[in-house]
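File shown: input_0.cif. Contents: mmCIF, N, CA and C atoms.
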data_final
loop_
_atom_site.label_atom_id
_atom_site.label_comp_id
_atom_site.auth_asym_id
_atom_site.auth_seq_id
_atom_site.Cartn_x
_atom_site.Cartn_y
_atom_site.Cartn_z
N MET A 1 -13.43 14.96 -3.94
CA MET A 1 -12.11 15.36 -4.34
C MET A 1 -11.11 15.17 -3.19
N PHE A 2 -11.51 15.59 -1.99
CA PHE A 2 -10.61 15.44 -0.86
C PHE A 2 -10.41 13.98 -0.48
N GLN A 3 -11.42 13.17 -0.69
CA GLN A 3 -11.29 11.74 -0.40
C GLN A 3 -10.24 11.10 -1.31
N LEU A 4 -10.21 11.47 -2.58
CA LEU A 4 -9.22 10.95 -3.50
C LEU A 4 -7.81 11.39 -3.07
N LEU A 5 -7.66 12.64 -2.68
CA LEU A 5 -6.36 13.11 -2.20
C LEU A 5 -5.94 12.37 -0.94
N TRP A 6 -6.88 12.12 -0.05
CA TRP A 6 -6.58 11.39 1.17
C TRP A 6 -6.15 9.96 0.86
N ILE A 7 -6.83 9.31 -0.07
CA ILE A 7 -6.47 7.94 -0.47
C ILE A 7 -5.06 7.91 -1.04
N LEU A 8 -4.73 8.87 -1.89
CA LEU A 8 -3.40 8.91 -2.48
C LEU A 8 -2.33 9.22 -1.45
N LEU A 9 -2.63 10.09 -0.49
CA LEU A 9 -1.67 10.40 0.56
C LEU A 9 -1.41 9.18 1.44
N ILE A 10 -2.46 8.50 1.85
CA ILE A 10 -2.32 7.29 2.65
C ILE A 10 -1.60 6.21 1.85
N GLY A 11 -1.91 6.10 0.57
CA GLY A 11 -1.23 5.14 -0.28
C GLY A 11 0.26 5.42 -0.37
N PHE A 12 0.63 6.68 -0.47
CA PHE A 12 2.04 7.03 -0.53
C PHE A 12 2.75 6.70 0.78
N VAL A 13 2.12 7.02 1.90
CA VAL A 13 2.71 6.73 3.21
C VAL A 13 2.86 5.23 3.40
N LEU A 14 1.83 4.46 3.09
CA LEU A 14 1.92 3.00 3.21
C LEU A 14 2.98 2.43 2.28
N GLY A 15 3.06 2.95 1.07
CA GLY A 15 4.05 2.48 0.12
C GLY A 15 5.48 2.75 0.59
N VAL A 16 5.71 3.94 1.14
CA VAL A 16 7.04 4.27 1.64
C VAL A 16 7.41 3.39 2.83
N ILE A 17 6.47 3.19 3.75
CA ILE A 17 6.74 2.31 4.89
C ILE A 17 7.02 0.89 4.42
N ALA A 18 6.26 0.43 3.44
CA ALA A 18 6.48 -0.92 2.90
C ALA A 18 7.85 -1.03 2.27
N LYS A 19 8.28 0.01 1.53
CA LYS A 19 9.61 -0.02 0.91
C LYS A 19 10.71 -0.01 1.96
N LEU A 20 10.48 0.66 3.08
CA LEU A 20 11.47 0.68 4.16
C LEU A 20 11.57 -0.68 4.85
N ILE A 21 10.47 -1.39 4.94
CA ILE A 21 10.46 -2.69 5.61
C ILE A 21 11.11 -3.76 4.72
N LEU A 22 10.87 -3.70 3.42
CA LEU A 22 11.41 -4.70 2.50
C LEU A 22 12.92 -4.55 2.39
N ARG A 23 13.60 -5.68 2.20
CA ARG A 23 15.05 -5.66 2.04
C ARG A 23 15.42 -5.35 0.61
N GLY A 24 16.55 -4.73 0.44
CA GLY A 24 17.08 -4.46 -0.89
C GLY A 24 16.41 -3.27 -1.55
N PRO A 25 16.92 -2.89 -2.70
CA PRO A 25 16.34 -1.74 -3.40
C PRO A 25 15.06 -2.12 -4.14
N GLN A 26 14.13 -1.21 -4.13
CA GLN A 26 12.91 -1.35 -4.92
C GLN A 26 12.92 -0.20 -5.91
N ALA A 27 13.35 -0.48 -7.11
CA ALA A 27 13.52 0.55 -8.14
C ALA A 27 12.20 0.80 -8.86
N ILE A 28 11.24 1.33 -8.12
CA ILE A 28 9.96 1.68 -8.73
C ILE A 28 9.73 3.18 -8.51
N PRO A 29 9.05 3.83 -9.43
CA PRO A 29 8.82 5.28 -9.28
C PRO A 29 7.86 5.58 -8.14
N TRP A 30 7.86 6.84 -7.72
CA TRP A 30 7.04 7.25 -6.58
C TRP A 30 5.55 7.05 -6.87
N TRP A 31 5.13 7.27 -8.11
CA TRP A 31 3.70 7.14 -8.41
C TRP A 31 3.25 5.69 -8.31
N LEU A 32 4.14 4.75 -8.66
CA LEU A 32 3.79 3.34 -8.54
C LEU A 32 3.77 2.93 -7.06
N THR A 33 4.69 3.49 -6.29
CA THR A 33 4.68 3.26 -4.84
C THR A 33 3.36 3.71 -4.24
N MET A 34 2.90 4.88 -4.67
CA MET A 34 1.65 5.43 -4.16
C MET A 34 0.45 4.57 -4.57
N LEU A 35 0.42 4.13 -5.82
CA LEU A 35 -0.70 3.31 -6.28
C LEU A 35 -0.72 1.94 -5.60
N LEU A 36 0.45 1.34 -5.42
CA LEU A 36 0.50 0.04 -4.75
C LEU A 36 0.14 0.17 -3.27
N GLY A 37 0.54 1.26 -2.64
CA GLY A 37 0.14 1.50 -1.25
C GLY A 37 -1.36 1.69 -1.13
N ALA A 38 -1.95 2.43 -2.08
CA ALA A 38 -3.41 2.63 -2.07
C ALA A 38 -4.13 1.31 -2.32
N ALA A 39 -3.59 0.48 -3.22
CA ALA A 39 -4.20 -0.83 -3.47
C ALA A 39 -4.09 -1.71 -2.23
N GLY A 40 -2.94 -1.64 -1.54
CA GLY A 40 -2.78 -2.39 -0.30
C GLY A 40 -3.76 -1.95 0.76
N ALA A 41 -4.01 -0.64 0.84
CA ALA A 41 -4.99 -0.13 1.80
C ALA A 41 -6.38 -0.63 1.46
N TRP A 42 -6.72 -0.62 0.19
CA TRP A 42 -8.04 -1.08 -0.24
C TRP A 42 -8.22 -2.57 0.05
N LEU A 43 -7.21 -3.37 -0.28
CA LEU A 43 -7.29 -4.81 -0.01
C LEU A 43 -7.34 -5.09 1.50
N GLY A 44 -6.54 -4.35 2.27
CA GLY A 44 -6.55 -4.52 3.72
C GLY A 44 -7.89 -4.18 4.32
N ASN A 45 -8.54 -3.12 3.83
CA ASN A 45 -9.88 -2.77 4.30
C ASN A 45 -10.88 -3.86 3.95
N ALA A 46 -10.76 -4.40 2.74
CA ALA A 46 -11.70 -5.44 2.32
C ALA A 46 -11.56 -6.69 3.19
N VAL A 47 -10.34 -7.11 3.44
CA VAL A 47 -10.13 -8.30 4.27
C VAL A 47 -10.55 -8.03 5.71
N ALA A 48 -10.28 -6.83 6.21
CA ALA A 48 -10.68 -6.49 7.58
C ALA A 48 -12.20 -6.51 7.72
N GLY A 49 -12.91 -6.04 6.69
CA GLY A 49 -14.37 -6.12 6.72
C GLY A 49 -14.87 -7.54 6.64
N TRP A 50 -14.19 -8.36 5.85
CA TRP A 50 -14.58 -9.76 5.70
C TRP A 50 -14.36 -10.52 7.00
N VAL A 51 -13.25 -10.23 7.69
CA VAL A 51 -12.94 -10.90 8.95
C VAL A 51 -13.78 -10.34 10.10
N GLY A 52 -14.22 -9.10 9.96
CA GLY A 52 -15.05 -8.49 10.99
C GLY A 52 -14.30 -7.59 11.95
N VAL A 53 -13.15 -7.07 11.53
CA VAL A 53 -12.37 -6.19 12.41
C VAL A 53 -12.17 -4.82 11.79
N ARG A 54 -13.02 -4.44 10.85
CA ARG A 54 -12.83 -3.16 10.18
C ARG A 54 -13.09 -1.99 11.11
N ASN A 55 -14.16 -2.03 11.85
CA ASN A 55 -14.50 -0.95 12.78
C ASN A 55 -14.58 -1.50 14.19
N THR A 56 -13.65 -1.06 15.01
CA THR A 56 -13.64 -1.46 16.42
C THR A 56 -13.67 -0.21 17.27
N SER A 57 -13.85 -0.38 18.55
CA SER A 57 -13.79 0.78 19.44
C SER A 57 -12.32 1.08 19.72
N GLY A 58 -11.88 2.23 19.30
CA GLY A 58 -10.48 2.59 19.46
C GLY A 58 -9.76 2.55 18.12
N ILE A 59 -8.47 2.37 18.17
CA ILE A 59 -7.66 2.33 16.95
C ILE A 59 -7.77 0.95 16.33
N ASP A 60 -7.97 0.92 15.04
CA ASP A 60 -8.14 -0.34 14.31
C ASP A 60 -6.77 -0.90 13.91
N TRP A 61 -6.03 -1.41 14.88
CA TRP A 61 -4.67 -1.88 14.64
C TRP A 61 -4.62 -3.04 13.65
N ILE A 62 -5.55 -3.96 13.76
CA ILE A 62 -5.54 -5.12 12.87
C ILE A 62 -5.78 -4.67 11.43
N ARG A 63 -6.69 -3.75 11.23
CA ARG A 63 -6.97 -3.24 9.88
C ARG A 63 -5.74 -2.55 9.31
N HIS A 64 -5.06 -1.75 10.13
CA HIS A 64 -3.87 -1.05 9.65
C HIS A 64 -2.73 -2.03 9.35
N LEU A 65 -2.59 -3.06 10.16
CA LEU A 65 -1.57 -4.07 9.88
C LEU A 65 -1.88 -4.85 8.61
N LEU A 66 -3.16 -5.13 8.37
CA LEU A 66 -3.54 -5.79 7.12
C LEU A 66 -3.24 -4.90 5.92
N GLN A 67 -3.53 -3.61 6.03
CA GLN A 67 -3.23 -2.69 4.95
C GLN A 67 -1.74 -2.67 4.65
N LEU A 68 -0.92 -2.59 5.69
CA LEU A 68 0.53 -2.57 5.51
C LEU A 68 1.03 -3.89 4.94
N ALA A 69 0.48 -5.00 5.40
CA ALA A 69 0.91 -6.30 4.89
C ALA A 69 0.60 -6.43 3.40
N PHE A 70 -0.56 -5.97 2.98
CA PHE A 70 -0.89 -6.04 1.55
C PHE A 70 -0.01 -5.10 0.74
N ALA A 71 0.30 -3.92 1.28
CA ALA A 71 1.19 -3.00 0.57
C ALA A 71 2.59 -3.62 0.43
N ILE A 72 3.08 -4.26 1.49
CA ILE A 72 4.38 -4.93 1.43
C ILE A 72 4.35 -6.03 0.38
N GLY A 73 3.30 -6.83 0.39
CA GLY A 73 3.18 -7.91 -0.59
C GLY A 73 3.14 -7.41 -2.02
N LEU A 74 2.36 -6.37 -2.27
CA LEU A 74 2.25 -5.85 -3.62
C LEU A 74 3.57 -5.25 -4.11
N ILE A 75 4.23 -4.49 -3.25
CA ILE A 75 5.50 -3.90 -3.65
C ILE A 75 6.55 -5.00 -3.82
N GLY A 76 6.51 -6.01 -2.94
CA GLY A 76 7.44 -7.12 -3.06
C GLY A 76 7.27 -7.90 -4.35
N ILE A 77 6.08 -7.94 -4.88
CA ILE A 77 5.81 -8.66 -6.14
C ILE A 77 6.10 -7.77 -7.35
N VAL A 78 5.68 -6.52 -7.30
CA VAL A 78 5.76 -5.65 -8.47
C VAL A 78 7.16 -5.08 -8.68
N ALA A 79 7.89 -4.76 -7.62
CA ALA A 79 9.21 -4.13 -7.77
C ALA A 79 10.19 -4.98 -8.58
N PRO A 80 10.34 -6.27 -8.31
CA PRO A 80 11.25 -7.06 -9.16
C PRO A 80 10.77 -7.14 -10.62
N ALA A 81 9.47 -7.24 -10.81
CA ALA A 81 8.94 -7.31 -12.17
C ALA A 81 9.20 -5.99 -12.90
N TRP A 82 9.06 -4.87 -12.19
CA TRP A 82 9.31 -3.56 -12.78
C TRP A 82 10.79 -3.42 -13.15
N SER A 83 11.68 -3.88 -12.27
CA SER A 83 13.12 -3.79 -12.52
C SER A 83 13.51 -4.64 -13.71
N SER A 84 12.99 -5.86 -13.83
CA SER A 84 13.34 -6.72 -14.95
C SER A 84 12.75 -6.18 -16.26
N ARG A 85 11.63 -5.53 -16.20
CA ARG A 85 11.02 -4.95 -17.38
C ARG A 85 11.86 -3.78 -17.90
N ARG A 86 12.41 -3.00 -16.98
CA ARG A 86 13.20 -1.83 -17.35
C ARG A 86 14.58 -2.22 -17.87
N SER A 87 15.11 -3.38 -17.47
CA SER A 87 16.46 -3.77 -17.86
C SER A 87 16.52 -4.42 -19.24
N ARG A 88 15.39 -4.75 -19.82
CA ARG A 88 15.39 -5.39 -21.14
C ARG A 88 15.75 -4.44 -22.24
#
Can you present the structure in this file as structure tokens?
Amino acid sequence: MFQLLWILLIGFVLGVIAKLILRGPQAIPWWLTMLLGAAGAWLGNAVAGWVGVRNTSGIDWIRHLLQLAFAIGLIGIVAPAWSSRRSR
């Protein structure tokens, strides 16, 4: 139960940071921001494991950057699609 809450909290933080980095408005609800951030974290972990940098001695900066990059990419793709869907 706590692991799920932790995943959602990290997803929300990553999603908010990704929205701050992206230019322009991202008119998506907070729950979608949280889910896309969590998906970005999951994809970033998977790629970090594939590349071999998931667990290092110290802070896993590359893994965290991959997580953020995937969150930025997902929000950058989904936010315009969400806005155009809502405007129809």
Practice problem: Translate the PyMOL selection byres ((chain A and resi 71-78) around 8), as applied to the file shown, into an explicit residue set as a count of residues only. | Solution: 33
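Atom CA of A:Gln3 is positioned 21.3 Å from atom CA of A:Trp61.
Atom CA of A:Arg85 sits 27.5 Å away from atom CA of A:Ile7.
The coordinates place atom CA of A:Arg63 at 8.2 Å from atom CA of A:Val47.
Remark: for A:Ile10, the closest of the candidate residues A:Met34, A:Gly24, A:Val53, A:Ile62 is A:Met34 (distances computed over only C-alpha atoms).
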Self-check item: DSSP alpha helix (DSSP H) residues within chain A, as a PyMOL selection string
Solution: chain A and resi 2-21+30-51+61-87
Work out where the centre of an axis-aligned box around every listed atom of stretch 45-51 of chain A lies and how long its edges are once 5 Å is added on each side; give both in Å to one decimal as lines of an AutoDock Vina configuration file.
center_x = -11.7
center_y = -6.8
center_z = 6.2
size_x = 16.3
size_y = 18.1
size_z = 17.8
